[in-house]
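data.txt follows; it contains compact mmCIF, C-alpha atoms and all ligand atoms.
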# COMPACT_ATOMS: atom_id res chain seq x y z
CA MET K 190 101.08 82.41 108.69
CA SER K 191 102.22 84.67 111.47
CA ASN K 192 104.77 86.92 109.80
CA ILE K 193 103.24 90.33 109.11
CA SER K 194 105.59 90.94 106.18
CA SER K 195 103.79 88.18 104.27
CA LEU K 196 100.50 90.09 104.28
CA LEU K 197 99.79 91.80 100.96
CA HIS K 198 96.14 91.14 100.17
CA ALA K 199 94.73 94.05 102.15
CA THR K 200 96.72 96.39 99.96
CA TYR K 201 94.61 95.59 96.92
CA HIS K 202 91.47 93.94 98.30
CA HIS K 203 89.29 96.98 97.66
CA PRO K 204 89.13 98.16 94.01
CA ALA K 205 89.54 101.80 95.13
CA GLN K 206 92.97 100.95 96.52
CA ARG K 207 94.36 99.42 93.32
CA PRO K 208 95.13 102.74 91.55
CA TRP K 209 97.00 103.87 94.68
CA ALA K 210 99.68 101.32 93.85
CA LYS K 211 100.58 103.12 90.61
CA GLU K 212 102.50 106.21 89.60
CA ARG K 213 99.87 108.89 89.48
CA GLU K 214 98.46 111.64 87.44
CA LEU K 215 95.88 113.85 89.07
CA THR K 216 92.56 112.01 88.83
CA LYS K 217 89.49 111.57 91.01
CA SER K 218 90.64 108.09 92.07
CA LEU K 219 93.57 109.69 93.87
CA LEU K 220 91.33 111.57 96.31
CA MET K 221 90.24 110.62 99.81
CA TYR K 222 87.77 113.02 101.42
CA PRO K 223 88.07 113.52 105.20
CA ILE K 224 84.65 114.11 106.77
CA PHE K 225 83.35 114.87 110.27
CA ILE K 226 80.55 112.79 111.80
CA THR K 227 78.67 113.89 114.93
CA ASP K 228 76.58 111.78 117.27
CA ASP K 229 73.67 114.17 116.72
CA PRO K 230 72.04 112.02 114.01
CA ASP K 231 70.19 114.88 112.31
CA GLY K 232 72.98 117.42 112.67
CA LYS K 233 74.59 119.55 110.00
CA THR K 234 76.65 122.19 111.74
CA PRO K 235 79.09 124.48 109.95
CA ILE K 236 82.74 124.55 111.02
CA ASP K 237 83.64 128.24 111.30
CA SER K 238 87.33 127.80 110.58
CA MET K 239 86.67 125.53 107.58
CA PRO K 240 84.30 127.15 105.07
CA GLU K 241 82.05 124.70 103.14
CA GLN K 242 82.77 121.89 105.66
CA TYR K 243 80.21 120.61 108.18
CA ARG K 244 79.83 118.15 111.03
CA TRP K 245 77.30 115.66 109.68
CA GLY K 246 74.87 113.39 111.52
CA VAL K 247 74.36 109.84 110.25
CA ASN K 248 70.85 110.65 109.01
CA ARG K 249 72.28 113.36 106.76
CA LEU K 250 75.03 111.31 105.11
CA GLU K 251 72.97 110.18 102.16
CA GLU K 252 72.07 113.74 101.06
CA PHE K 253 75.68 114.81 101.69
CA LEU K 254 77.56 111.99 99.96
CA GLY K 255 75.06 110.70 97.38
CA PRO K 256 75.75 113.52 94.89
CA LEU K 257 79.50 113.23 95.45
CA VAL K 258 79.50 109.47 94.87
CA ASN K 259 77.62 110.16 91.62
CA LYS K 260 80.41 112.55 90.61
CA GLY K 261 83.07 109.91 91.18
CA LEU K 262 83.93 110.08 94.88
CA ALA K 263 85.85 106.85 95.57
CA SER K 264 86.97 107.15 99.14
CA VAL K 265 86.27 108.89 102.46
CA MET K 266 87.97 109.11 105.85
CA LEU K 267 85.79 109.40 108.94
CA PHE K 268 86.44 111.50 112.04
CA GLY K 269 84.05 111.23 114.97
CA VAL K 270 82.86 114.34 116.78
CA PRO K 271 81.03 113.31 119.95
CA VAL K 272 78.76 116.11 121.15
CA LYS K 273 76.42 114.00 123.29
CA ILE K 274 78.45 110.98 124.41
CA GLU K 275 80.66 111.97 127.30
CA LYS K 276 84.43 112.13 126.99
CA ASP K 277 86.57 110.27 129.56
CA ALA K 278 90.20 109.52 130.35
CA VAL K 279 90.46 106.51 128.00
CA GLY K 280 88.28 107.77 125.13
CA SER K 281 85.51 105.19 125.59
CA ALA K 282 83.36 106.97 123.00
CA ALA K 283 85.82 106.05 120.23
CA ASP K 284 84.45 102.51 119.90
CA ASP K 285 81.05 102.95 121.50
CA PRO K 286 78.77 100.82 119.28
CA LYS K 287 76.34 103.76 119.25
CA GLY K 288 79.17 106.22 118.57
CA PRO K 289 79.32 108.33 115.40
CA VAL K 290 82.07 106.47 113.54
CA ILE K 291 80.72 102.94 113.97
CA GLU K 292 77.20 104.02 113.05
CA ALA K 293 78.49 105.90 110.02
CA VAL K 294 80.63 103.00 108.74
CA LYS K 295 77.68 100.64 108.93
CA PHE K 296 75.42 103.10 107.19
CA LEU K 297 77.90 103.96 104.43
CA LYS K 298 78.90 100.38 103.63
CA ASN K 299 75.24 99.53 103.30
CA LYS K 300 74.15 102.62 101.35
CA PHE K 301 77.20 103.01 99.11
CA PRO K 302 78.70 99.52 98.82
CA THR K 303 81.49 100.52 96.43
CA LEU K 304 82.62 103.54 98.45
CA HIS K 305 85.95 102.89 100.18
CA VAL K 306 85.68 103.85 103.86
CA THR K 307 88.68 104.59 106.07
CA CYS K 308 88.37 105.28 109.79
CA ASP K 309 90.85 107.56 111.47
CA VAL K 310 91.96 105.86 114.68
CA CYS K 311 92.81 108.15 117.58
CA LEU K 312 91.63 109.01 121.06
CA CYS K 313 91.95 112.82 121.14
CA GLU K 314 88.40 113.45 119.88
CA TYR K 315 87.11 111.27 122.72
CA THR K 316 89.35 111.91 125.74
CA SER K 317 88.48 114.42 128.45
CA HIS K 318 92.09 115.70 128.36
CA GLY K 319 92.25 115.90 124.55
CA HIS K 320 95.49 113.93 124.19
CA CYS K 321 95.88 111.16 121.62
CA GLY K 322 96.70 108.44 124.16
CA ILE K 323 96.07 107.35 127.72
CA LEU K 324 98.01 109.22 130.40
CA TYR K 325 99.89 108.27 133.55
CA GLU K 326 99.01 110.14 136.73
CA ASP K 327 101.82 112.60 136.04
CA ASN K 328 100.15 113.37 132.67
CA THR K 329 102.85 111.78 130.52
CA ILE K 330 101.81 109.24 127.88
CA ASN K 331 101.31 105.62 128.94
CA ASN K 332 102.40 104.20 125.59
CA GLU K 333 101.67 100.57 126.37
CA LEU K 334 98.08 101.08 127.50
CA SER K 335 97.49 103.56 124.68
CA VAL K 336 98.60 101.06 122.03
CA LYS K 337 96.34 98.34 123.46
CA ARG K 338 93.40 100.71 123.48
CA LEU K 339 94.05 101.94 119.93
CA ALA K 340 94.26 98.36 118.66
CA ASP K 341 90.88 97.62 120.24
CA VAL K 342 89.38 100.70 118.60
CA ALA K 343 90.83 99.74 115.21
CA LEU K 344 89.39 96.25 115.56
CA ALA K 345 85.95 97.66 116.36
CA TYR K 346 86.07 99.78 113.19
CA ALA K 347 87.17 96.77 111.13
CA ALA K 348 84.34 94.71 112.58
CA ALA K 349 81.88 97.49 111.69
CA GLY K 350 82.98 97.23 108.04
CA ALA K 351 85.83 99.71 107.54
CA ASP K 352 87.99 99.02 104.48
CA CYS K 353 90.98 100.73 106.03
CA VAL K 354 92.04 101.90 109.50
CA ALA K 355 94.37 104.86 109.87
CA PRO K 356 96.00 105.51 113.23
CA SER K 357 96.89 109.20 113.66
CA ASP K 358 97.84 109.00 117.35
CA MET K 359 101.62 108.60 116.88
CA MET K 360 102.14 106.18 119.77
CA ASP K 361 105.18 103.89 119.47
CA GLY K 362 104.40 100.41 118.16
CA ARG K 363 100.74 100.89 117.30
CA ILE K 364 101.12 99.72 113.71
CA LEU K 365 102.39 96.30 114.79
CA ALA K 366 99.70 96.01 117.48
CA ILE K 367 96.92 96.90 115.03
CA LYS K 368 98.23 94.62 112.26
CA ARG K 369 98.40 91.78 114.76
CA ILE K 370 94.90 92.27 116.10
CA LEU K 371 93.53 92.44 112.53
CA LEU K 372 95.35 89.21 111.69
CA GLU K 373 94.20 87.43 114.85
CA ASN K 374 90.60 88.34 114.10
CA GLY K 375 90.54 87.39 110.43
CA TYR K 376 90.60 90.88 108.89
CA SER K 377 94.17 90.95 107.56
CA ASN K 378 93.21 90.16 103.97
CA ARG K 379 90.61 92.89 103.60
CA VAL K 380 91.22 95.71 106.03
CA SER K 381 94.25 97.78 105.14
CA LEU K 382 96.34 99.81 107.52
CA MET K 383 97.31 103.34 106.57
CA SER K 384 99.82 104.76 108.98
CA TYR K 385 100.16 108.46 109.66
CA SER K 386 103.88 107.66 109.70
CA SER K 387 105.46 111.06 109.29
CA LYS K 388 103.02 113.23 111.18
CA PHE K 389 104.67 116.41 112.33
CA SER K 390 103.72 118.56 115.29
CA SER K 391 102.14 121.45 113.36
CA SER K 392 100.40 124.77 113.80
CA PHE K 393 98.31 123.91 110.74
CA TYR K 394 96.06 121.53 112.74
CA GLY K 395 94.15 124.42 114.38
CA PRO K 396 90.94 124.33 112.32
CA PHE K 397 90.68 120.53 112.71
CA ARG K 398 90.90 120.78 116.50
CA ASP K 399 88.19 123.40 116.32
CA ALA K 400 86.06 121.07 114.18
CA CYS K 401 86.50 118.14 116.58
CA ASP K 402 86.86 120.08 119.82
CA SER K 403 90.03 118.02 120.29
CA ALA K 404 92.68 120.53 121.36
CA PRO K 405 94.66 119.21 124.35
CA SER K 406 93.35 120.72 127.59
CA PHE K 407 96.95 121.17 128.79
CA GLY K 408 100.39 120.93 127.22
CA ASP K 409 100.88 120.08 123.55
CA ARG K 410 101.55 117.04 121.35
CA LYS K 411 105.29 117.57 120.94
CA CYS K 412 106.19 114.42 122.90
CA TYR K 413 104.51 112.15 120.33
CA GLN K 414 104.18 114.09 117.06
CA LEU K 415 107.43 114.59 115.10
CA PRO K 416 109.68 117.61 115.57
CA GLN K 417 109.25 119.98 112.64
CA GLY K 418 112.91 120.25 111.77
CA SER K 419 113.79 116.58 111.93
CA ARG K 420 114.01 114.85 108.59
CA MET K 421 115.92 111.93 110.09
CA THR K 422 113.25 111.15 112.68
CA ALA K 423 110.64 111.23 109.94
CA LEU K 424 112.64 108.72 107.93
CA ARG K 425 112.99 106.45 110.94
CA ALA K 426 109.25 106.64 111.51
CA LEU K 427 108.50 105.72 107.88
CA SER K 428 110.83 102.70 107.95
CA ARG K 429 109.56 101.61 111.32
CA ASP K 430 105.92 101.63 110.20
CA ALA K 431 106.81 99.93 106.91
CA ASN K 432 108.42 97.13 108.92
CA GLU K 433 105.55 96.93 111.42
CA GLY K 434 103.02 96.10 108.73
CA ALA K 435 101.60 99.36 107.34
CA ASP K 436 100.04 99.03 103.87
CA ILE K 437 100.11 102.76 103.10
CA LEU K 438 102.53 105.37 104.46
CA MET K 439 101.34 108.93 105.03
CA VAL K 440 103.09 112.27 105.31
CA LYS K 441 101.22 115.08 107.09
CA PRO K 442 100.89 118.07 106.74
CA GLY K 443 101.37 118.27 102.97
CA MET K 444 102.81 121.45 101.52
CA PRO K 445 105.36 122.29 104.23
CA TYR K 446 106.69 118.68 104.16
CA LEU K 447 106.96 117.78 100.47
CA ASP K 448 110.66 117.01 100.90
CA ILE K 449 109.61 114.18 103.22
CA VAL K 450 107.09 112.94 100.64
CA ARG K 451 109.89 112.65 98.09
CA ASP K 452 112.10 110.91 100.65
CA ALA K 453 109.28 108.51 101.47
CA LYS K 454 108.77 107.64 97.79
CA ASN K 455 112.50 107.19 97.17
CA LEU K 456 113.08 105.08 100.25
CA HIS K 457 109.87 103.03 100.02
CA PRO K 458 108.89 102.83 96.34
CA GLU K 459 107.03 99.61 97.14
CA PHE K 460 104.39 101.48 99.21
CA PRO K 461 101.60 103.86 98.22
CA ILE K 462 102.51 107.24 99.73
CA ALA K 463 99.59 109.31 101.01
CA VAL K 464 99.73 113.04 101.63
CA TYR K 465 97.26 114.84 103.86
CA GLN K 466 96.48 118.41 102.83
CA ILE K 467 95.30 119.33 106.30
CA SER K 468 92.79 121.75 107.75
CA GLY K 469 95.19 124.68 108.10
CA GLU K 470 96.31 124.30 104.49
CA TYR K 471 92.67 124.21 103.43
CA ALA K 472 91.86 127.33 105.45
CA MET K 473 94.93 129.15 104.16
CA LEU K 474 94.06 128.46 100.53
CA TYR K 475 90.37 129.21 101.00
CA ARG K 476 90.91 132.47 102.89
CA SER K 477 93.47 133.64 100.33
CA TYR K 478 90.98 132.95 97.58
CA GLU K 479 88.32 134.93 99.48
CA ALA K 480 90.78 137.81 99.80
CA GLY K 481 91.32 137.79 96.03
CA VAL K 482 94.89 136.52 96.15
CA PHE K 483 94.34 133.88 93.47
CA ASP K 484 91.82 131.76 91.63
CA LEU K 485 90.87 128.84 93.89
CA LYS K 486 90.87 126.15 91.23
CA ASP K 487 94.27 127.14 89.81
CA ALA K 488 95.85 127.36 93.25
CA VAL K 489 94.43 124.11 94.60
CA LEU K 490 95.34 122.16 91.47
CA GLU K 491 98.88 123.53 91.71
CA THR K 492 99.20 122.31 95.31
CA LEU K 493 97.97 118.84 94.33
CA GLU K 494 100.34 118.69 91.35
CA SER K 495 103.17 119.47 93.75
CA MET K 496 102.12 116.49 95.85
CA THR K 497 101.91 113.99 92.99
CA ARG K 498 105.22 115.35 91.69
CA ALA K 499 106.76 114.69 95.11
CA GLY K 500 105.57 111.07 94.96
CA ALA K 501 102.04 110.97 96.38
CA SER K 502 99.68 108.37 94.98
CA LEU K 503 96.83 109.24 97.32
CA ILE K 504 95.80 112.68 98.60
CA LEU K 505 93.51 113.51 101.48
CA THR K 506 91.94 116.91 100.95
CA TYR K 507 88.89 118.88 102.06
CA PHE K 508 88.75 120.30 98.52
CA THR K 509 87.55 116.90 97.25
CA PRO K 510 83.95 118.05 96.53
CA ARG K 511 85.27 120.95 94.44
CA LEU K 512 87.84 118.71 92.75
CA LEU K 513 85.11 116.29 91.67
CA ASP K 514 83.73 119.21 89.64
CA TRP K 515 87.11 120.46 88.44
CA LEU K 516 88.63 117.18 87.32
CA GLU K 517 87.34 115.47 84.19
CA TYR K 518 87.90 111.91 85.41
N1 LIG K 601 94.90 112.64 115.96
C1 LIG K 601 94.51 113.91 115.69
C2 LIG K 601 94.41 114.31 114.28
N2 LIG K 601 93.87 113.56 113.30
C3 LIG K 601 93.91 114.32 112.14
C4 LIG K 601 94.47 115.54 112.44
C5 LIG K 601 94.70 116.71 111.53
C6 LIG K 601 93.81 116.86 110.39
C7 LIG K 601 93.72 118.24 109.87
O1 LIG K 601 94.29 119.20 110.44
O2 LIG K 601 93.04 118.40 108.86
C8 LIG K 601 94.83 115.54 113.76
C9 LIG K 601 95.54 116.68 114.30
C10 LIG K 601 95.95 116.81 115.70
O3 LIG K 601 97.02 116.34 116.06
O4 LIG K 601 95.20 117.43 116.45
ZN ZN K 602 94.76 112.40 118.17
ZN ZN K 603 110.86 100.26 101.93
As a first step, turn the structure in this file into structure tokens.
Amino acid sequence: MSNISSLLHATYHHPAQRPWAKERELTKSLLMYPIFITDDPDGKTPIDSMPEQYRWGVNRLEEFLGPLVNKGLASVMLFGVPVKIEKDAVGSAADDPKGPVIEAVKFLKNKFPTLHVTCDVCLCEYTSHGHCGILYEDNTINNELSVKRLADVALAYAAAGADCVAPSDMMDGRILAIKRILLENGYSNRVSLMSYSSKFSSSFYGPFRDACDSAPSFGDRKCYQLPQGSRMTALRALSRDANEGADILMVKPGMPYLDIVRDAKNLHPEFPIAVYQISGEYAMLYRSYEAGVFDLKDAVLETLESMTRAGASLILTYFTPRLLDWLEY
């Protein structure tokens, strides 16, 4: 069996993923909570641009997530924030066995066996230059080397126990490379692949880059993230990743790109469509609430309803802890 289009099992191997394959109403099972893990094991440091969010050390994950799991948290996405391990040109810290993500996956799968754990796959949190891939000497992207490296990182996360790997780098061809390496190493039936397919170059990523210290040290990401005005390129990217073996297609950011979410659902009804309500959307909503513009619960629920209405069956949001209190089930 070598044809990637024959691989379906990973899509429903984990029970948390089965509801994602249905038309959705807004429930707790639709939420994936993105969290930041540092390599300072006892750390809990606030993120100034993201109120109520912290960078957590592995030793603090039980106190952080235990209460949320008890309230119905089904799924998390991990981002590594190396503060001790040094950054280099190829992002070696990404799959360092003592790095934050690998340690956290192992801990979480052991401590909370039913919790679905996704690992974001990218290099920007780990490279000295802050770009999402490996660079040529002239500072342009070396796509081929980047894709090889990202596939190795994804494999390391799968081997550590991740239920899903989610490449956010936007290199060309990384979905096929990752699906192949998972297949070759015996993970294709149980590790799913969520592609950040339509990821636009956005000003709403600011707080995240602050959280991860991952802003590019020069230039921007416009040569690999999608142009804001281009619906047609987004549609090509969705189809491409669907054909390369993605199990879940994502649109990101959320609110400014709901037209693309609807397109994604119409064009690929056979895939779960994920929407990422990103850091800048979180900050915008939170700061407006602080300024008395609206009630936080009403406003956040309205944004999530707009996403399910557009076709999302899975939503990544930093409001997840609040939503676990707000939603009945
Ligand atoms: N590969 C980087 C990455 N992974 C997730 C996010 C954004 C998440 C958010 O803003 O909440 C980004 C943004 C970027 O391009 O810097
Ligand atoms: Zn990146
Ligand atoms: Zn399709």
Got a sec to check which residues lie within 6 Å of ligand ZN 602 (chain K), using all atoms listed in the file, and send them as a ChimeraX atom specification?
/K:311-313,321,357-358
Neighbours of K:Thr422 within 9 Å (all atoms listed in the file; same-chain residues fewer than 6 positions away dropped), as a ChimeraX atom specification?
/K:387,415-416
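Residues of protein or nucleic acid lying within 12 Å of ligand ZN 603 (chain K), counting only C-alpha atoms and all ligand atoms, are Ser194, Leu424, Arg425, Ala426, Leu427, Ser428, Arg429, Asp430, Ala431, Asn432, Glu433, Gly434, Ala435, Asp436, Ile437, Leu438, Asp452, Ala453, Lys454, Asn455, Leu456, His457, Pro458, Glu459, Phe460, Pro461 and Ile462 of chain K.
The interatomic distance for the pair atom C8 of ligand LIG 601 (chain K) and atom CA of K:Leu304 works out to 23.0 Å.
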Return as a PyMOL selection string every polymer residue, whether protein, DNA or RNA, with at least one atom no more than 9 Å from an atom of ligand LIG 601 (chain K); count only C-alpha atoms and all ligand atoms.
chain K and resi 223+268+309-314+319-321+356-359+385+388-398+401+403-405+410+414+441-442+465-471+505-507
Could you model N, CA and C atoms for stretch 215-250 of chain K and present them as a compact mmCIF listing (two decimals), keeping the file's coordinate frame?
# COMPACT_ATOMS: atom_id res chain seq x y z
N LEU K 215 96.92 113.33 88.21
CA LEU K 215 95.88 113.85 89.07
C LEU K 215 94.49 113.45 88.56
N THR K 216 93.89 112.45 89.21
CA THR K 216 92.56 112.01 88.83
C THR K 216 91.70 111.87 90.08
N LYS K 217 90.40 111.68 89.88
CA LYS K 217 89.49 111.57 91.01
C LYS K 217 89.82 110.36 91.91
N SER K 218 90.37 109.32 91.30
CA SER K 218 90.64 108.09 92.07
C SER K 218 91.78 108.27 93.06
N LEU K 219 92.46 109.40 92.96
CA LEU K 219 93.57 109.69 93.87
C LEU K 219 93.11 110.37 95.16
N LEU K 220 91.82 110.74 95.20
CA LEU K 220 91.33 111.57 96.31
C LEU K 220 90.66 110.77 97.42
N MET K 221 90.98 111.12 98.66
CA MET K 221 90.24 110.62 99.81
C MET K 221 89.70 111.85 100.55
N TYR K 222 88.40 111.84 100.82
CA TYR K 222 87.77 113.02 101.42
C TYR K 222 87.58 112.82 102.93
N PRO K 223 88.25 113.62 103.75
CA PRO K 223 88.07 113.52 105.20
C PRO K 223 86.78 114.23 105.64
N ILE K 224 85.94 113.51 106.37
CA ILE K 224 84.65 114.11 106.77
C ILE K 224 84.41 113.93 108.28
N PHE K 225 83.60 114.82 108.82
CA PHE K 225 83.35 114.87 110.27
C PHE K 225 81.94 114.38 110.56
N ILE K 226 81.84 113.40 111.49
CA ILE K 226 80.55 112.79 111.80
C ILE K 226 80.21 113.05 113.27
N THR K 227 79.06 113.65 113.53
CA THR K 227 78.67 113.89 114.93
C THR K 227 77.71 112.79 115.40
N ASP K 228 77.54 112.73 116.72
CA ASP K 228 76.58 111.78 117.27
C ASP K 228 75.20 112.43 117.46
N ASP K 229 75.01 113.59 116.84
CA ASP K 229 73.67 114.17 116.72
C ASP K 229 73.17 113.74 115.34
N PRO K 230 72.32 112.69 115.28
CA PRO K 230 72.04 112.02 114.01
C PRO K 230 71.47 112.93 112.91
N ASP K 231 70.77 114.00 113.32
CA ASP K 231 70.19 114.88 112.31
C ASP K 231 71.02 116.14 112.07
N GLY K 232 72.18 116.19 112.69
CA GLY K 232 72.98 117.42 112.67
C GLY K 232 73.63 117.74 111.34
N LYS K 233 73.73 119.03 111.07
CA LYS K 233 74.59 119.55 110.00
C LYS K 233 75.06 120.91 110.47
N THR K 234 76.19 120.92 111.17
CA THR K 234 76.65 122.19 111.74
C THR K 234 77.91 122.66 111.04
N PRO K 235 77.92 123.94 110.65
CA PRO K 235 79.09 124.48 109.95
C PRO K 235 80.31 124.54 110.86
N ILE K 236 81.48 124.43 110.28
CA ILE K 236 82.74 124.55 111.02
C ILE K 236 83.32 125.92 110.65
N ASP K 237 83.31 126.84 111.61
CA ASP K 237 83.64 128.24 111.30
C ASP K 237 85.00 128.40 110.64
N SER K 238 85.98 127.62 111.10
CA SER K 238 87.33 127.80 110.58
C SER K 238 87.56 127.04 109.27
N MET K 239 86.53 126.28 108.83
CA MET K 239 86.67 125.53 107.58
C MET K 239 85.45 125.74 106.69
N PRO K 240 85.45 126.83 105.91
CA PRO K 240 84.30 127.15 105.07
C PRO K 240 83.91 125.96 104.18
N GLU K 241 82.62 125.78 103.97
CA GLU K 241 82.05 124.70 103.14
C GLU K 241 82.13 123.32 103.78
N GLN K 242 82.70 123.19 104.99
CA GLN K 242 82.77 121.89 105.66
C GLN K 242 81.82 121.89 106.86
N TYR K 243 81.21 120.74 107.12
CA TYR K 243 80.21 120.61 108.18
C TYR K 243 80.47 119.37 109.03
N ARG K 244 79.89 119.38 110.23
CA ARG K 244 79.83 118.15 111.03
C ARG K 244 78.47 117.52 110.71
N TRP K 245 78.52 116.29 110.19
CA TRP K 245 77.30 115.66 109.68
C TRP K 245 76.80 114.56 110.62
N GLY K 246 75.49 114.50 110.82
CA GLY K 246 74.87 113.39 111.52
C GLY K 246 74.62 112.24 110.55
N VAL K 247 74.51 111.03 111.10
CA VAL K 247 74.36 109.84 110.25
C VAL K 247 73.14 109.95 109.32
N ASN K 248 72.06 110.54 109.83
CA ASN K 248 70.85 110.65 109.01
C ASN K 248 70.99 111.62 107.83
N ARG K 249 72.08 112.39 107.83
CA ARG K 249 72.28 113.36 106.76
C ARG K 249 73.32 112.90 105.73
N LEU K 250 73.90 111.72 105.96
CA LEU K 250 75.03 111.31 105.11
C LEU K 250 74.62 111.00 103.67
